[in-house]
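Below is one structure, written out as structure tokens; comments come after it.
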Amino acid sequence: MTKRLYEEDSFLREFEARVTDCAPDGQEFWITLDQTAFFPEGGGQSGDRGSIGPAQVLDTQLKGDEVRHRTDMPLEPGSTVRGALDWDFRFTNMQLHSGEHILSGVVHGLYGCNNVGFHMGRDGVTVDFDRNLTPEEVADAEDRANRVIWEDRPVTARYLEPGEQLDYRSKKELTGPIRIVIIQDCDCCACCAPHIKSTGQVGLIKILDSEKHRGGIRIHMLAGCAAIEDYGDRLRTTAGLSRLLSAKQQELIPAVQRVMNEKEDLDRACRAAADRLIDVLAGSIEPTDRNLVFFQPDFTMDQLRRLSNAAAEKTTGVAAAFSGGNDGGYIFAIAGEQTDLSAQSERIRTALEAKGGGSAHLFQGSCGVSEEKIRQFFSEFPA
């Protein structure tokens with residue numbers, strides 16, 4: 001059984017221990033120690049990383065009563081080693097996890113919501129509550145959670161005494177020794193993970209967004225270092241947009257709306273120009289028995305269909321309209337009033353490396369061959 005030093009002191013960064021086992025696992029190894037400060041994955045929190053002697057700890061997991069450390073090299077059983085945590089990784093995880101406890105405690109106390117789901121990953125924390133909340137309630141919960149942080153309340157963790165009765169949060173019925181994390185006058189929750197020692201060490205909580213989820217609400221949040229890093233990223237993005245749009249940061253929304261309006265005007269003008277071009281192209285075609293092929297950059301599928309249909313009225317063959325380029329491929333529409341394109345569909349797909357389909361008189365899709373091969377194909381089609 002591994003002695004769990006992280007339960008005695010969540011801020012213990014280095015320790016000495018004896019290697020009790022070393023088991024290979026492919027190119028890596030599972031190391032067990034007689035005691036460890038590495039927290040194994042559990043309670044929604046990732047397993048710790050760091051080093052044990054010369055070996056890098058890539059992950060930490062719990063198997064039975066043993067804490068196992070996945071390493072990049074073996075260690076000799078019986079040897080004494082020094083372990084060191086990747087402290088930035090651990091501390092960030094503790095800030096996120098403790099921040100989630102604070103928010104969950106506040107939401108439970110204010111609105112009676114139960115935390116029914118929790119995930120902590122690279123992009124932050126998601127918390128699922130069993131009741132929906134209004135945007136105003138979410139904002140109020142964030143404000144109150146941050147006030148708990150600013151008051152720097154103590155955070156303690158301990159196991160319940162045999163027979164002790166305590167009202168605590170838990171997602172499931174628990175048996176055996178139950179470890180409780182208590183945030184003074186805020187939250188009491190069953191949890192196996194290490195936490196900060198006082199709420200002030202969380203720094204801040206920021207709710208990024210929320211959405212309805214299974215009859216309740218899912219909240220996306222960050223805390224501590226991760227929240228500050230995210231704020232820096234967003235500030236740099238905002239500053240970049242401000243420069244690109246020549247607008248003050250506080251005026252970005254109307255500036256973006258102005259650009260969107262201008263784009264809509266340009267799109268309408270482009271569509272009108274394309275419609276006029278289709279009319280000109282179709283009107284300039286003399287009746288023929290040859291296949292007609294058009295290449296028009298930046299045409300939409302709808303514009304390609306209208307061009308091919310209009311041109312098909314002038315030929316006993318087919319009219320094919322393509323948009324795109326040799327590098328990125330083409331979208332296309334092929335129309336033929338006197339040709340059964342359904343019967344020719346497999347030939348078209350094979351020759352043009354195309355995906356698509358249609359009806360007897362219209363075939364549309366995308367293809368990956370060059371303009372030269374397309375023109376060559378239609379010079380021989382359908383014979």
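The chains in the structure tokens are called A, B, ... from first to last as shown; in each chain the residues are counted from 1, and the ligands are counted from 1 in the order shown.
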Enumerate, as number ranges by chain, the complete set of residues in region 101-232 of chain A that a backbone-based DSSP assignment places in helix (DSSP H, G or I). A: 101-111, 135-150, 199-202, 224-232
Residues within 12 Å of Val125 (chain A), please, as a PyMOL selection string. Count only C-alpha atoms; anything in the same chain fewer than 3 positions from it doesn't count. chain A and resi 44-46+92-101+103-104+117-122+128+205-210+218-224+226-227
Counting only C-alpha atoms, closest pick from A:Val148, A:Ile178, A:Ala37, A:Leu241 relative to Arg4 (chain A) is A:Ala37
Region 19-34 of chain A: which residues within 8 Å, counting only C-alpha atoms, same-chain residues fewer than 2 positions away excluded, as a PyMOL selection string? chain A and resi 1-3+17+36+66-81
Selection to disk with all heavy atoms, as a compact mmCIF listing (two decimals), in the first residue's frame:
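Saved result, selection_5.txt, follows:
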```txt
# COMPACT_ATOMS: atom_id res chain seq x y z
N MET A 1 0.85 -1.20 0.00
CA MET A 1 0.00 0.00 0.00
C MET A 1 0.88 1.25 0.00
O MET A 1 1.79 1.37 0.81
CB MET A 1 -0.93 0.01 1.21
CG MET A 1 -1.82 1.24 1.29
SD MET A 1 -2.95 1.16 2.70
CE MET A 1 -3.79 2.72 2.54
N THR A 2 0.62 2.16 -0.93
CA THR A 2 1.41 3.39 -1.03
C THR A 2 0.91 4.42 -0.03
O THR A 2 -0.29 4.71 0.05
CB THR A 2 1.31 3.99 -2.45
OG1 THR A 2 1.60 2.99 -3.43
CG2 THR A 2 2.27 5.14 -2.61
N LYS A 3 1.83 4.99 0.74
CA LYS A 3 1.48 6.09 1.62
C LYS A 3 1.28 7.34 0.77
O LYS A 3 2.14 7.71 -0.03
CB LYS A 3 2.58 6.33 2.65
CG LYS A 3 2.24 7.42 3.66
CD LYS A 3 3.35 7.58 4.70
CE LYS A 3 2.99 8.66 5.71
NZ LYS A 3 4.08 8.85 6.70
N ALA A 17 11.62 8.47 -1.40
CA ALA A 17 10.84 7.24 -1.29
C ALA A 17 11.69 6.05 -1.73
O ALA A 17 12.76 6.21 -2.31
CB ALA A 17 9.58 7.33 -2.15
N THR A 36 4.37 8.55 -1.78
CA THR A 36 4.43 9.46 -2.93
C THR A 36 3.63 10.72 -2.69
O THR A 36 2.62 10.71 -1.98
CB THR A 36 3.93 8.77 -4.21
OG1 THR A 36 4.15 9.65 -5.33
CG2 THR A 36 2.45 8.44 -4.14
N GLU A 66 -2.32 0.80 -4.52
CA GLU A 66 -1.02 1.25 -4.98
C GLU A 66 -1.15 2.44 -5.94
O GLU A 66 -1.97 2.41 -6.87
CB GLU A 66 -0.28 0.11 -5.69
CG GLU A 66 0.02 -1.09 -4.82
CD GLU A 66 1.11 -0.82 -3.79
OE1 GLU A 66 1.74 0.25 -3.87
OE2 GLU A 66 1.32 -1.67 -2.90
N VAL A 67 -0.32 3.44 -5.72
CA VAL A 67 -0.20 4.55 -6.66
C VAL A 67 0.90 4.18 -7.65
O VAL A 67 2.04 3.91 -7.25
CB VAL A 67 0.14 5.87 -5.95
CG1 VAL A 67 0.35 6.98 -6.96
CG2 VAL A 67 -0.97 6.24 -4.96
N ARG A 68 0.57 4.14 -8.92
CA ARG A 68 1.53 3.74 -9.95
C ARG A 68 1.93 4.95 -10.80
O ARG A 68 1.08 5.73 -11.21
CB ARG A 68 0.94 2.65 -10.85
CG ARG A 68 0.49 1.42 -10.10
CD ARG A 68 0.34 0.23 -11.04
NE ARG A 68 -0.52 0.55 -12.19
CZ ARG A 68 -0.57 -0.21 -13.29
NH1 ARG A 68 0.18 -1.30 -13.38
NH2 ARG A 68 -1.37 0.12 -14.29
N HIS A 69 3.22 5.06 -11.05
CA HIS A 69 3.77 6.18 -11.81
C HIS A 69 4.26 5.65 -13.16
O HIS A 69 5.12 4.76 -13.20
CB HIS A 69 4.94 6.82 -11.06
CG HIS A 69 4.65 7.12 -9.61
ND1 HIS A 69 4.65 6.11 -8.64
CD2 HIS A 69 4.37 8.27 -8.98
CE1 HIS A 69 4.37 6.65 -7.47
NE2 HIS A 69 4.19 7.96 -7.64
N ARG A 70 3.72 6.18 -14.24
CA ARG A 70 4.17 5.76 -15.57
C ARG A 70 5.39 6.58 -15.96
O ARG A 70 5.33 7.81 -16.01
CB ARG A 70 3.04 5.94 -16.60
CG ARG A 70 3.38 5.41 -18.00
CD ARG A 70 2.12 5.20 -18.83
NE ARG A 70 1.40 6.44 -19.04
CZ ARG A 70 1.63 7.30 -20.03
NH1 ARG A 70 2.61 7.05 -20.90
NH2 ARG A 70 0.91 8.39 -20.16
N THR A 71 6.50 5.91 -16.22
CA THR A 71 7.77 6.60 -16.46
C THR A 71 8.37 6.21 -17.80
O THR A 71 7.97 5.23 -18.44
CB THR A 71 8.79 6.27 -15.35
OG1 THR A 71 9.11 4.87 -15.42
CG2 THR A 71 8.25 6.62 -13.98
N ASP A 72 9.38 6.98 -18.22
CA ASP A 72 10.04 6.73 -19.50
C ASP A 72 11.26 5.82 -19.37
O ASP A 72 11.91 5.51 -20.36
CB ASP A 72 10.44 8.05 -20.15
CG ASP A 72 11.45 8.83 -19.30
OD1 ASP A 72 11.68 8.47 -18.13
OD2 ASP A 72 12.01 9.81 -19.83
N MET A 73 11.58 5.38 -18.14
CA MET A 73 12.72 4.49 -17.95
C MET A 73 12.52 3.70 -16.66
O MET A 73 11.76 4.10 -15.77
CB MET A 73 14.03 5.29 -17.90
CG MET A 73 14.12 6.28 -16.75
SD MET A 73 15.68 7.19 -16.73
CE MET A 73 16.85 5.87 -16.37
N PRO A 74 13.20 2.57 -16.51
CA PRO A 74 13.03 1.75 -15.31
C PRO A 74 13.81 2.29 -14.13
O PRO A 74 14.78 3.04 -14.29
CB PRO A 74 13.56 0.38 -15.75
CG PRO A 74 14.61 0.71 -16.77
CD PRO A 74 14.10 1.92 -17.51
N LEU A 75 13.39 1.90 -12.94
CA LEU A 75 14.10 2.21 -11.70
C LEU A 75 14.28 0.90 -10.94
O LEU A 75 13.43 0.00 -10.99
CB LEU A 75 13.33 3.22 -10.86
CG LEU A 75 13.16 4.62 -11.46
CD1 LEU A 75 12.25 5.47 -10.58
CD2 LEU A 75 14.51 5.31 -11.65
N GLU A 76 15.37 0.79 -10.22
CA GLU A 76 15.73 -0.45 -9.52
C GLU A 76 14.89 -0.61 -8.25
O GLU A 76 14.92 0.25 -7.36
CB GLU A 76 17.21 -0.44 -9.15
CG GLU A 76 17.71 -1.72 -8.52
CD GLU A 76 17.71 -2.89 -9.49
OE1 GLU A 76 17.83 -2.65 -10.71
OE2 GLU A 76 17.56 -4.04 -9.03
N PRO A 77 14.10 -1.69 -8.13
CA PRO A 77 13.37 -1.94 -6.88
C PRO A 77 14.33 -1.99 -5.70
O PRO A 77 15.42 -2.56 -5.78
CB PRO A 77 12.70 -3.29 -7.13
CG PRO A 77 12.55 -3.37 -8.62
CD PRO A 77 13.79 -2.71 -9.15
N GLY A 78 13.92 -1.38 -4.59
CA GLY A 78 14.74 -1.31 -3.39
C GLY A 78 15.59 -0.07 -3.31
O GLY A 78 16.10 0.28 -2.23
N SER A 79 15.76 0.64 -4.43
CA SER A 79 16.58 1.85 -4.41
C SER A 79 15.79 3.02 -3.81
O SER A 79 14.56 3.06 -3.85
CB SER A 79 17.04 2.20 -5.82
OG SER A 79 15.93 2.48 -6.66
N THR A 80 16.54 3.97 -3.25
CA THR A 80 15.94 5.18 -2.71
C THR A 80 16.05 6.28 -3.76
O THR A 80 17.11 6.50 -4.34
CB THR A 80 16.65 5.63 -1.42
OG1 THR A 80 16.51 4.59 -0.43
CG2 THR A 80 16.04 6.91 -0.88
N VAL A 81 14.93 6.94 -4.01
CA VAL A 81 14.88 7.96 -5.06
C VAL A 81 14.25 9.23 -4.53
O VAL A 81 13.63 9.25 -3.46
CB VAL A 81 14.06 7.45 -6.27
CG1 VAL A 81 14.78 6.32 -6.99
CG2 VAL A 81 12.66 7.01 -5.83
```
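Taking only C-alpha atoms into account, Gly200 (chain A) lies nearest to A:Asp152 out of the set A:Asp152, A:Ile228, A:His213, A:Asn132.
Distance check against Gly50 (chain A) using only C-alpha atoms: of A:Asp327, A:Asp86, A:Glu161, A:Asp187, the minimum falls on A:Asp86.
Distance check against Ile374 (chain A) using only C-alpha atoms: of A:Gly283, A:Gly124, A:Gly64, A:Gly325, the minimum falls on A:Gly325.
Here CA of Thr238 (chain A) is placed at a distance of 22.2 Å from CA of Ala139 (chain A).
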For Gly47 (chain A), please output as a PyMOL selection string all residues within 8 Å (counting only C-alpha atoms; exclusion window: fewer than 6 positions along the same chain). chain A and resi 38-41+59-61
Once you have the residues from the selection above, write them out as an mmCIF file, in the first residue's frame, restricted to N, CA, C and O atoms.
```cif
data_model
loop_
_atom_site.group_PDB
_atom_site.id
_atom_site.type_symbol
_atom_site.label_atom_id
_atom_site.label_comp_id
_atom_site.auth_asym_id
_atom_site.auth_seq_id
_atom_site.Cartn_x
_atom_site.Cartn_y
_atom_site.Cartn_z
ATOM 1 N N PHE A 38 2.824 12.271 -5.591
ATOM 2 C CA PHE A 38 2.141 12.322 -6.882
ATOM 3 C C PHE A 38 0.690 11.882 -6.712
ATOM 4 O O PHE A 38 0.418 10.783 -6.235
ATOM 5 N N PHE A 39 -0.225 12.732 -7.148
ATOM 6 C CA PHE A 39 -1.643 12.403 -7.071
ATOM 7 C C PHE A 39 -2.044 11.581 -8.290
ATOM 8 O O PHE A 39 -1.796 11.973 -9.423
ATOM 9 N N PRO A 40 -2.695 10.414 -8.079
ATOM 10 C CA PRO A 40 -3.170 9.613 -9.216
ATOM 11 C C PRO A 40 -4.499 10.159 -9.730
ATOM 12 O O PRO A 40 -5.306 10.670 -8.954
ATOM 13 N N GLU A 41 -4.703 10.042 -11.006
ATOM 14 C CA GLU A 41 -5.925 10.577 -11.611
ATOM 15 C C GLU A 41 -7.156 10.105 -10.850
ATOM 16 O O GLU A 41 -7.320 8.931 -10.530
ATOM 17 N N ASP A 59 2.547 10.121 -16.168
ATOM 18 C CA ASP A 59 1.170 10.025 -15.681
ATOM 19 C C ASP A 59 1.206 9.295 -14.343
ATOM 20 O O ASP A 59 2.178 8.602 -14.024
ATOM 21 N N THR A 60 0.132 9.443 -13.570
ATOM 22 C CA THR A 60 0.021 8.739 -12.293
ATOM 23 C C THR A 60 -1.387 8.173 -12.169
ATOM 24 O O THR A 60 -2.358 8.893 -12.391
ATOM 25 N N GLN A 61 -1.473 6.881 -11.819
ATOM 26 C CA GLN A 61 -2.761 6.208 -11.735
ATOM 27 C C GLN A 61 -2.840 5.393 -10.445
ATOM 28 O O GLN A 61 -1.821 5.013 -9.873
#
```
Long-range neighbours of Phe363 (chain A) as JSON, numbers by chain, 12 Å cut-off, only C-alpha atoms, 5 positions minimum in chain: {"A": [301, 304, 305, 308, 309, 318, 319, 320, 321, 322, 331, 332, 333, 334, 335, 336, 337, 339, 340, 341, 342, 343, 344, 345, 346, 347, 348, 349, 354, 355, 356, 357, 358]}
Counting only C-alpha atoms, what is within 9 Å of Ala274 (chain A), bar same-chain residues fewer than 5 positions away, as an mmCIF file with N, CA, C and O atoms, in the first residue's frame?
```
data_model
loop_
_atom_site.group_PDB
_atom_site.id
_atom_site.type_symbol
_atom_site.label_atom_id
_atom_site.label_comp_id
_atom_site.auth_asym_id
_atom_site.auth_seq_id
_atom_site.Cartn_x
_atom_site.Cartn_y
_atom_site.Cartn_z
ATOM 1 N N ALA A 269 -23.781 42.505 -54.748
ATOM 2 C CA ALA A 269 -23.262 43.035 -56.005
ATOM 3 C C ALA A 269 -22.617 41.934 -56.840
ATOM 4 O O ALA A 269 -22.780 41.895 -58.067
ATOM 5 N N ASP A 279 -26.234 35.530 -68.106
ATOM 6 C CA ASP A 279 -27.099 35.931 -69.224
ATOM 7 C C ASP A 279 -26.280 36.223 -70.476
ATOM 8 O O ASP A 279 -26.657 35.836 -71.594
ATOM 9 N N PHE A 299 -17.669 30.999 -58.779
ATOM 10 C CA PHE A 299 -19.102 30.765 -58.932
ATOM 11 C C PHE A 299 -19.565 29.806 -57.839
ATOM 12 O O PHE A 299 -18.847 28.889 -57.431
ATOM 13 N N GLN A 303 -25.019 29.103 -59.103
ATOM 14 C CA GLN A 303 -24.676 29.820 -60.326
ATOM 15 C C GLN A 303 -24.182 28.861 -61.410
ATOM 16 O O GLN A 303 -24.482 29.039 -62.592
#
```
